[in-house]
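*Asks:* Below is the file run-v4.cif, with mmCIF, N, CA and C atoms.
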data_data
loop_
_atom_site.label_atom_id
_atom_site.label_comp_id
_atom_site.auth_asym_id
_atom_site.auth_seq_id
_atom_site.Cartn_x
_atom_site.Cartn_y
_atom_site.Cartn_z
N MET A 1 14.07 -30.79 -53.90
CA MET A 1 13.96 -31.27 -55.23
C MET A 1 15.02 -30.56 -56.06
N THR A 2 15.61 -31.30 -56.98
CA THR A 2 16.69 -30.76 -57.77
C THR A 2 16.28 -30.77 -59.23
N TYR A 3 16.53 -29.68 -59.91
CA TYR A 3 16.23 -29.54 -61.34
C TYR A 3 17.54 -29.44 -62.11
N ALA A 4 17.60 -30.05 -63.16
CA ALA A 4 18.82 -30.00 -63.96
C ALA A 4 18.81 -28.78 -64.84
N GLY A 5 19.90 -28.05 -64.82
CA GLY A 5 20.12 -26.95 -65.71
C GLY A 5 19.44 -25.66 -65.30
N GLY A 6 18.74 -25.57 -64.25
CA GLY A 6 18.11 -24.31 -63.85
C GLY A 6 18.51 -23.90 -62.45
N PRO A 7 18.15 -22.71 -62.09
CA PRO A 7 18.46 -22.27 -60.73
C PRO A 7 17.74 -23.13 -59.72
N GLN A 8 18.35 -23.25 -58.59
CA GLN A 8 17.76 -24.07 -57.54
C GLN A 8 17.30 -23.18 -56.40
N PHE A 9 16.12 -23.41 -55.91
CA PHE A 9 15.54 -22.62 -54.82
C PHE A 9 15.23 -23.54 -53.66
N PRO A 10 15.48 -23.08 -52.46
CA PRO A 10 15.12 -23.91 -51.32
C PRO A 10 13.60 -24.02 -51.19
N GLU A 11 13.17 -25.08 -50.58
CA GLU A 11 11.74 -25.27 -50.33
C GLU A 11 11.29 -24.20 -49.33
N PRO A 12 10.17 -23.58 -49.56
CA PRO A 12 9.70 -22.57 -48.59
C PRO A 12 9.32 -23.22 -47.27
N THR A 13 9.76 -22.57 -46.17
CA THR A 13 9.47 -23.11 -44.85
C THR A 13 8.47 -22.26 -44.09
N GLY A 14 8.22 -21.07 -44.53
CA GLY A 14 7.27 -20.18 -43.84
C GLY A 14 6.38 -19.52 -44.86
N PRO A 15 5.66 -18.51 -44.44
CA PRO A 15 4.78 -17.82 -45.39
C PRO A 15 5.61 -17.13 -46.47
N VAL A 16 5.14 -17.18 -47.66
CA VAL A 16 5.84 -16.59 -48.80
C VAL A 16 5.32 -15.16 -48.96
N PRO A 17 6.25 -14.17 -49.03
CA PRO A 17 5.78 -12.79 -49.24
C PRO A 17 5.16 -12.65 -50.61
N PRO A 18 4.19 -11.75 -50.76
CA PRO A 18 3.54 -11.60 -52.06
C PRO A 18 4.54 -11.07 -53.09
N GLN A 19 4.44 -11.60 -54.29
CA GLN A 19 5.30 -11.19 -55.40
C GLN A 19 4.58 -10.08 -56.16
N ALA A 20 5.39 -9.31 -56.91
CA ALA A 20 4.82 -8.23 -57.71
C ALA A 20 3.84 -8.82 -58.70
N GLY A 21 2.69 -8.22 -58.79
CA GLY A 21 1.69 -8.70 -59.73
C GLY A 21 0.88 -9.85 -59.20
N MET A 22 1.24 -10.39 -58.05
CA MET A 22 0.52 -11.52 -57.48
C MET A 22 -0.34 -11.00 -56.32
N PRO A 23 -1.56 -11.39 -56.23
CA PRO A 23 -2.37 -10.93 -55.10
C PRO A 23 -1.88 -11.56 -53.80
N GLY A 24 -1.80 -10.74 -52.75
CA GLY A 24 -1.39 -11.22 -51.45
C GLY A 24 -2.59 -11.74 -50.67
N PRO A 25 -2.36 -12.13 -49.44
CA PRO A 25 -3.49 -12.61 -48.64
C PRO A 25 -4.50 -11.47 -48.43
N ALA A 26 -5.74 -11.83 -48.34
CA ALA A 26 -6.79 -10.83 -48.17
C ALA A 26 -6.62 -10.13 -46.82
N GLN A 27 -6.62 -8.79 -46.85
CA GLN A 27 -6.50 -8.01 -45.62
C GLN A 27 -7.79 -7.23 -45.41
N PRO A 28 -8.15 -7.06 -44.14
CA PRO A 28 -9.38 -6.31 -43.89
C PRO A 28 -9.18 -4.85 -44.29
N PRO A 29 -10.22 -4.18 -44.74
CA PRO A 29 -10.09 -2.77 -45.13
C PRO A 29 -9.74 -1.93 -43.89
N ALA A 30 -8.91 -0.92 -44.10
CA ALA A 30 -8.51 -0.03 -42.99
C ALA A 30 -9.72 0.77 -42.53
N ALA A 31 -9.77 1.02 -41.22
CA ALA A 31 -10.87 1.80 -40.65
C ALA A 31 -10.78 3.22 -41.17
N ALA A 32 -11.92 3.82 -41.42
CA ALA A 32 -11.95 5.18 -41.94
C ALA A 32 -11.68 6.18 -40.81
N PRO A 33 -10.53 6.86 -40.81
CA PRO A 33 -10.23 7.80 -39.74
C PRO A 33 -11.03 9.08 -39.84
N LYS A 34 -11.67 9.35 -40.98
CA LYS A 34 -12.42 10.59 -41.13
C LYS A 34 -13.58 10.68 -40.14
N LYS A 35 -14.28 9.58 -39.93
CA LYS A 35 -15.41 9.60 -38.99
C LYS A 35 -14.93 9.91 -37.58
N SER A 36 -13.82 9.35 -37.20
CA SER A 36 -13.28 9.59 -35.86
C SER A 36 -12.91 11.05 -35.69
N LYS A 37 -12.24 11.65 -36.67
CA LYS A 37 -11.86 13.06 -36.61
C LYS A 37 -13.10 13.94 -36.58
N ARG A 38 -14.08 13.57 -37.40
CA ARG A 38 -15.31 14.36 -37.45
C ARG A 38 -16.03 14.31 -36.10
N ARG A 39 -16.08 13.14 -35.50
CA ARG A 39 -16.73 13.00 -34.20
C ARG A 39 -16.00 13.82 -33.14
N GLN A 40 -14.66 13.81 -33.18
CA GLN A 40 -13.88 14.60 -32.22
C GLN A 40 -14.18 16.09 -32.38
N LYS A 41 -14.27 16.55 -33.63
CA LYS A 41 -14.57 17.97 -33.87
C LYS A 41 -15.95 18.33 -33.34
N ILE A 42 -16.92 17.45 -33.56
CA ILE A 42 -18.28 17.71 -33.09
C ILE A 42 -18.31 17.76 -31.56
N VAL A 43 -17.67 16.80 -30.92
CA VAL A 43 -17.65 16.77 -29.45
C VAL A 43 -16.95 18.01 -28.91
N LEU A 44 -15.85 18.41 -29.50
CA LEU A 44 -15.12 19.60 -29.05
C LEU A 44 -15.97 20.85 -29.24
N THR A 45 -16.65 20.95 -30.36
CA THR A 45 -17.51 22.11 -30.61
C THR A 45 -18.63 22.19 -29.58
N VAL A 46 -19.28 21.08 -29.32
CA VAL A 46 -20.37 21.06 -28.33
C VAL A 46 -19.83 21.43 -26.95
N PHE A 47 -18.67 20.90 -26.59
CA PHE A 47 -18.06 21.22 -25.30
C PHE A 47 -17.77 22.71 -25.18
N LEU A 48 -17.19 23.30 -26.22
CA LEU A 48 -16.87 24.73 -26.18
C LEU A 48 -18.12 25.59 -26.10
N ILE A 49 -19.18 25.17 -26.78
CA ILE A 49 -20.44 25.90 -26.70
C ILE A 49 -21.00 25.84 -25.28
N LEU A 50 -20.94 24.67 -24.65
CA LEU A 50 -21.43 24.54 -23.28
C LEU A 50 -20.61 25.40 -22.31
N VAL A 51 -19.30 25.41 -22.46
CA VAL A 51 -18.45 26.24 -21.59
C VAL A 51 -18.79 27.72 -21.78
N ALA A 52 -18.96 28.15 -23.02
CA ALA A 52 -19.31 29.54 -23.28
C ALA A 52 -20.67 29.89 -22.66
N ALA A 53 -21.62 28.97 -22.74
CA ALA A 53 -22.94 29.22 -22.16
C ALA A 53 -22.87 29.35 -20.65
N VAL A 54 -22.09 28.49 -20.00
CA VAL A 54 -21.94 28.57 -18.54
C VAL A 54 -21.28 29.90 -18.15
N LEU A 55 -20.24 30.29 -18.86
CA LEU A 55 -19.58 31.57 -18.57
C LEU A 55 -20.53 32.74 -18.77
N ALA A 56 -21.35 32.70 -19.81
CA ALA A 56 -22.32 33.76 -20.05
C ALA A 56 -23.36 33.84 -18.92
N LEU A 57 -23.80 32.68 -18.45
CA LEU A 57 -24.76 32.67 -17.34
C LEU A 57 -24.15 33.23 -16.06
N VAL A 58 -22.91 32.87 -15.78
CA VAL A 58 -22.23 33.39 -14.59
C VAL A 58 -22.08 34.90 -14.70
N TRP A 59 -21.67 35.37 -15.86
CA TRP A 59 -21.52 36.81 -16.06
C TRP A 59 -22.85 37.54 -15.88
N ALA A 60 -23.91 37.00 -16.47
CA ALA A 60 -25.23 37.64 -16.37
C ALA A 60 -25.73 37.64 -14.94
N ALA A 61 -25.43 36.59 -14.20
CA ALA A 61 -25.92 36.50 -12.82
C ALA A 61 -25.15 37.41 -11.87
N THR A 62 -23.89 37.71 -12.18
CA THR A 62 -23.08 38.49 -11.23
C THR A 62 -22.80 39.92 -11.66
N ARG A 63 -23.20 40.33 -12.85
CA ARG A 63 -22.85 41.67 -13.30
C ARG A 63 -23.50 42.78 -12.49
N SER A 64 -24.61 42.50 -11.85
CA SER A 64 -25.27 43.53 -11.07
C SER A 64 -24.88 43.49 -9.59
N ASN A 65 -23.93 42.63 -9.22
CA ASN A 65 -23.46 42.60 -7.83
C ASN A 65 -22.82 43.92 -7.47
N GLY A 66 -23.05 44.36 -6.26
CA GLY A 66 -22.48 45.62 -5.80
C GLY A 66 -20.97 45.65 -5.82
N GLU A 67 -20.33 44.51 -5.63
CA GLU A 67 -18.87 44.49 -5.63
C GLU A 67 -18.29 44.84 -7.00
N ASN A 68 -19.12 44.82 -8.05
CA ASN A 68 -18.67 45.18 -9.39
C ASN A 68 -18.94 46.64 -9.72
N ALA A 69 -19.55 47.39 -8.81
CA ALA A 69 -19.91 48.77 -9.06
C ALA A 69 -18.66 49.65 -9.17
N GLN A 70 -18.76 50.63 -10.05
CA GLN A 70 -17.69 51.61 -10.25
C GLN A 70 -18.25 53.00 -9.90
N ALA A 71 -17.35 53.95 -9.75
CA ALA A 71 -17.78 55.32 -9.47
C ALA A 71 -18.70 55.78 -10.59
N GLY A 72 -19.84 56.38 -10.22
CA GLY A 72 -20.83 56.83 -11.18
C GLY A 72 -22.00 55.88 -11.34
N ASN A 73 -21.85 54.63 -10.93
CA ASN A 73 -22.97 53.67 -10.98
C ASN A 73 -23.97 53.99 -9.89
N CYS A 74 -25.22 53.63 -10.13
CA CYS A 74 -26.24 53.75 -9.10
C CYS A 74 -26.53 52.35 -8.56
N VAL A 75 -26.85 52.30 -7.28
CA VAL A 75 -27.14 51.04 -6.62
C VAL A 75 -28.37 51.19 -5.74
N THR A 76 -28.90 50.04 -5.35
CA THR A 76 -29.99 50.02 -4.38
C THR A 76 -29.65 48.99 -3.32
N GLU A 77 -30.09 49.25 -2.11
CA GLU A 77 -29.87 48.28 -1.04
C GLU A 77 -30.80 47.10 -1.29
N SER A 78 -30.24 45.93 -1.27
CA SER A 78 -31.00 44.72 -1.57
C SER A 78 -30.68 43.69 -0.50
N GLY A 79 -31.40 43.75 0.57
CA GLY A 79 -31.14 42.82 1.67
C GLY A 79 -30.12 43.38 2.64
N ASP A 80 -29.81 42.57 3.63
CA ASP A 80 -28.88 42.97 4.66
C ASP A 80 -27.44 42.93 4.14
N ASN A 81 -26.77 44.06 4.15
CA ASN A 81 -25.37 44.18 3.74
C ASN A 81 -25.15 43.72 2.30
N TYR A 82 -26.04 44.17 1.41
CA TYR A 82 -25.90 43.82 0.00
C TYR A 82 -26.47 44.96 -0.83
N VAL A 83 -25.74 45.35 -1.86
CA VAL A 83 -26.25 46.35 -2.80
C VAL A 83 -26.24 45.75 -4.19
N LYS A 84 -27.12 46.28 -5.04
CA LYS A 84 -27.28 45.78 -6.40
C LYS A 84 -27.19 46.96 -7.35
N ILE A 85 -26.45 46.80 -8.45
CA ILE A 85 -26.33 47.87 -9.45
C ILE A 85 -27.65 47.97 -10.22
N VAL A 86 -28.13 49.19 -10.35
CA VAL A 86 -29.37 49.45 -11.10
C VAL A 86 -29.13 50.64 -12.02
N ASP A 87 -30.06 50.85 -12.95
CA ASP A 87 -30.00 52.00 -13.84
C ASP A 87 -30.27 53.27 -13.03
N CYS A 88 -29.50 54.32 -13.29
CA CYS A 88 -29.66 55.55 -12.50
C CYS A 88 -31.01 56.21 -12.71
N GLY A 89 -31.72 55.91 -13.79
CA GLY A 89 -33.04 56.47 -14.01
C GLY A 89 -34.15 55.67 -13.34
N ALA A 90 -33.83 54.53 -12.80
CA ALA A 90 -34.84 53.68 -12.17
C ALA A 90 -35.24 54.25 -10.82
N PRO A 91 -36.50 54.05 -10.42
CA PRO A 91 -36.96 54.57 -9.13
C PRO A 91 -36.25 53.94 -7.94
N GLU A 92 -35.74 52.71 -8.09
CA GLU A 92 -35.06 52.06 -6.96
C GLU A 92 -33.60 52.50 -6.82
N ALA A 93 -33.12 53.37 -7.71
CA ALA A 93 -31.74 53.86 -7.63
C ALA A 93 -31.66 54.92 -6.54
N THR A 94 -31.45 54.49 -5.31
CA THR A 94 -31.44 55.41 -4.17
C THR A 94 -30.04 55.87 -3.77
N LEU A 95 -29.02 55.19 -4.26
CA LEU A 95 -27.64 55.54 -3.91
C LEU A 95 -26.78 55.59 -5.16
N LYS A 96 -25.79 56.49 -5.14
CA LYS A 96 -24.84 56.60 -6.25
C LYS A 96 -23.44 56.37 -5.70
N VAL A 97 -22.63 55.63 -6.45
CA VAL A 97 -21.26 55.33 -6.03
C VAL A 97 -20.41 56.58 -6.31
N VAL A 98 -19.89 57.17 -5.23
CA VAL A 98 -19.02 58.35 -5.34
C VAL A 98 -17.60 57.89 -5.61
N ALA A 99 -17.18 56.81 -4.95
CA ALA A 99 -15.83 56.28 -5.13
C ALA A 99 -15.80 54.80 -4.82
N ARG A 100 -14.81 54.16 -5.38
CA ARG A 100 -14.55 52.74 -5.13
C ARG A 100 -13.13 52.65 -4.62
N VAL A 101 -12.96 52.05 -3.43
CA VAL A 101 -11.64 51.95 -2.81
C VAL A 101 -11.33 50.47 -2.62
N GLU A 102 -10.19 50.03 -3.14
CA GLU A 102 -9.78 48.62 -3.09
C GLU A 102 -8.91 48.34 -1.86
N ASP A 103 -8.83 47.08 -1.49
CA ASP A 103 -7.90 46.56 -0.48
C ASP A 103 -8.01 47.25 0.88
N LYS A 104 -9.20 47.28 1.42
CA LYS A 104 -9.44 47.84 2.75
C LYS A 104 -10.13 46.78 3.61
N THR A 105 -9.78 46.75 4.88
CA THR A 105 -10.46 45.85 5.81
C THR A 105 -11.80 46.47 6.18
N ARG A 106 -12.63 45.70 6.84
CA ARG A 106 -13.94 46.21 7.25
C ARG A 106 -13.78 47.39 8.21
N ILE A 107 -12.82 47.29 9.10
CA ILE A 107 -12.60 48.38 10.06
C ILE A 107 -12.12 49.64 9.34
N GLU A 108 -11.18 49.47 8.41
CA GLU A 108 -10.70 50.63 7.63
C GLU A 108 -11.85 51.25 6.85
N ALA A 109 -12.76 50.44 6.34
CA ALA A 109 -13.90 50.94 5.59
C ALA A 109 -14.79 51.80 6.48
N GLN A 110 -15.03 51.35 7.70
CA GLN A 110 -15.92 52.07 8.61
C GLN A 110 -15.27 53.35 9.15
N ILE A 111 -13.94 53.34 9.33
CA ILE A 111 -13.28 54.47 9.95
C ILE A 111 -12.86 55.54 8.94
N SER A 112 -12.12 55.16 7.90
CA SER A 112 -11.48 56.20 7.10
C SER A 112 -11.49 56.03 5.59
N ALA A 113 -12.01 54.97 5.05
CA ALA A 113 -11.89 54.74 3.60
C ALA A 113 -12.58 55.81 2.77
N CYS A 114 -13.69 56.36 3.26
CA CYS A 114 -14.45 57.35 2.48
C CYS A 114 -14.25 58.78 2.97
N THR A 115 -13.34 59.01 3.88
CA THR A 115 -13.08 60.36 4.41
C THR A 115 -12.72 61.34 3.29
N PRO A 116 -11.92 60.96 2.29
CA PRO A 116 -11.59 61.92 1.22
C PRO A 116 -12.77 62.29 0.31
N TYR A 117 -13.92 61.70 0.52
CA TYR A 117 -15.08 61.94 -0.34
C TYR A 117 -16.21 62.52 0.52
N PRO A 118 -16.28 63.85 0.63
CA PRO A 118 -17.27 64.46 1.53
C PRO A 118 -18.72 64.23 1.10
N ASP A 119 -18.97 63.91 -0.17
CA ASP A 119 -20.34 63.65 -0.62
C ASP A 119 -20.86 62.30 -0.16
N ALA A 120 -19.99 61.42 0.29
CA ALA A 120 -20.39 60.07 0.68
C ALA A 120 -21.18 60.09 1.99
N ASP A 121 -22.39 59.53 1.96
CA ASP A 121 -23.24 59.42 3.14
C ASP A 121 -23.14 58.05 3.79
N GLN A 122 -22.87 57.03 2.97
CA GLN A 122 -22.84 55.67 3.46
C GLN A 122 -21.60 54.95 2.93
N VAL A 123 -21.25 53.89 3.65
CA VAL A 123 -20.10 53.06 3.26
C VAL A 123 -20.60 51.63 3.10
N PHE A 124 -20.20 51.02 2.00
CA PHE A 124 -20.52 49.61 1.78
C PHE A 124 -19.20 48.88 1.60
N TRP A 125 -18.99 47.81 2.37
CA TRP A 125 -17.78 47.00 2.28
C TRP A 125 -18.15 45.60 1.86
N GLN A 126 -17.40 45.04 0.91
CA GLN A 126 -17.62 43.67 0.45
C GLN A 126 -16.29 42.94 0.49
N GLY A 127 -16.24 41.83 1.20
CA GLY A 127 -15.03 41.03 1.29
C GLY A 127 -15.20 39.92 2.30
N LYS A 128 -14.10 39.19 2.56
CA LYS A 128 -14.12 38.12 3.55
C LYS A 128 -13.66 38.68 4.88
N GLU A 129 -14.32 38.27 5.93
CA GLU A 129 -13.98 38.71 7.28
C GLU A 129 -12.52 38.39 7.57
N GLY A 130 -11.79 39.39 8.10
CA GLY A 130 -10.39 39.21 8.43
C GLY A 130 -9.45 39.46 7.25
N GLU A 131 -9.99 39.73 6.07
CA GLU A 131 -9.19 40.03 4.89
C GLU A 131 -9.60 41.38 4.33
N THR A 132 -8.92 41.80 3.27
CA THR A 132 -9.28 43.07 2.65
C THR A 132 -10.38 42.85 1.63
N GLY A 133 -11.06 43.92 1.30
CA GLY A 133 -12.15 43.85 0.34
C GLY A 133 -12.31 45.18 -0.37
N VAL A 134 -13.49 45.37 -0.95
CA VAL A 134 -13.81 46.56 -1.73
C VAL A 134 -14.74 47.45 -0.92
N VAL A 135 -14.46 48.75 -0.96
CA VAL A 135 -15.31 49.72 -0.28
C VAL A 135 -15.99 50.58 -1.33
N LEU A 136 -17.30 50.75 -1.21
CA LEU A 136 -18.03 51.69 -2.05
C LEU A 136 -18.46 52.85 -1.17
N CYS A 137 -18.06 54.04 -1.56
CA CYS A 137 -18.48 55.26 -0.86
C CYS A 137 -19.74 55.74 -1.60
N LEU A 138 -20.86 55.78 -0.88
CA LEU A 138 -22.17 56.01 -1.50
C LEU A 138 -22.79 57.33 -1.06
N ALA A 139 -23.47 57.98 -2.00
CA ALA A 139 -24.23 59.20 -1.71
C ALA A 139 -25.68 58.96 -2.10
N LYS A 140 -26.60 59.59 -1.36
CA LYS A 140 -28.03 59.45 -1.67
C LYS A 140 -28.34 60.20 -2.96
N THR A 141 -29.23 59.63 -3.76
CA THR A 141 -29.58 60.24 -5.03
C THR A 141 -30.74 61.23 -4.89
N GLY A 142 -31.42 61.24 -3.79
CA GLY A 142 -32.55 62.15 -3.58
C GLY A 142 -33.87 61.59 -4.06
N LYS A 143 -33.92 60.34 -4.41
CA LYS A 143 -35.16 59.71 -4.86
C LYS A 143 -35.92 59.13 -3.70
#
Any chance you could give the structure as structure tokens?

*Replies:*
Amino acid sequence: MTYAGGPQFPEPTGPVPPQAGMPGPAQPPAAAPKKSKRRQKIVLTVFLILVAAVLALVWAATRSNGENAQAGNCVTESGDNYVKIVDCGAPEATLKVVARVEDKTRIEAQISACTPYPDADQVFWQGKEGETGVVLCLAKTGK
């Protein structure tokens, strides 16, 4: 269509972009990202709490294992080839750790690991067969 005396514009062939001050086509409201971030934080917090709880349970279950004993700790024999750390004032504290020797095979533990410790009456070795492990040189507490 042609107009006399004014600017001429081509006929629109596609969608017309919204003009300033003119409302454009209705768009759906944007999704609220706050809920998503909040949910992620909650899930992460719960996950971290669960991991901490599992680690605490593992620590509590293994802290009295004989392989964790240090010189000066008292232990008691608990089953075949197993010792458990106990309080030195407890009646079951029948052995005291005189020394702890690292990286010894079972044979080295039986032959010479505790030789430098004349107070040691017994030897306790903890490790995997054919590999090195920990040796506890033990003395009787007199209980």

*Asks:* Between atom CA of A:Thr141 and atom CA of A:Lys128, what distance in Å does the model show, to one decimal?

*Replies:* 28.3 Å

*Asks:* Find, counting only C-alpha atoms, the residue in A:Glu131, A:Ala56, A:Leu50, A:Gly142 that gets nearest to A:Glu102.

*Replies:*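 Ranked by minimum distance to A:Glu102, first place goes to A:Glu131.
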
*Asks:* Do a neighbour search on A:Thr76 at 8 Å with only C-alpha atoms, toss out local chain neighbours closer than 2 positions, and write the hits as number ranges by chain.

*Replies:* A: 74, 78, 83-86, 92-95

*Asks:* Excluding same-chain residues fewer than 3 positions from stretch 108-124 of chain A, what lies within 6.5 Å of it counting only N, CA and C atoms, as an MDAnalysis selection string?

*Replies:* chainID A and resid 98 104:105 134:140

*Asks:* Around all the atoms of stretch 67-71 of chain A listed in the file, draw an axis-aligned box and extend it by 6 Å on each of the six sides; I want its centre and edge lengths in Å to one decimal, as JSON.

*Replies:*
{"center_x": -18.8, "center_y": 50.1, "center_z": -8.1, "size_x": 15.0, "size_y": 23.3, "size_z": 17.0}

*Asks:* To one decimal place, how far is atom C of A:Cys88 from atom CA of A:Glu67 in Å?

*Replies:*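 Separation between atom C of A:Cys88 and atom CA of A:Glu67: 18.3 Å.
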
*Asks:* Please report the interatomic distance between atom CA of A:Ile49 and atom CA of A:Ala69 in Å with one decimal.

*Replies:* 28.9 Å
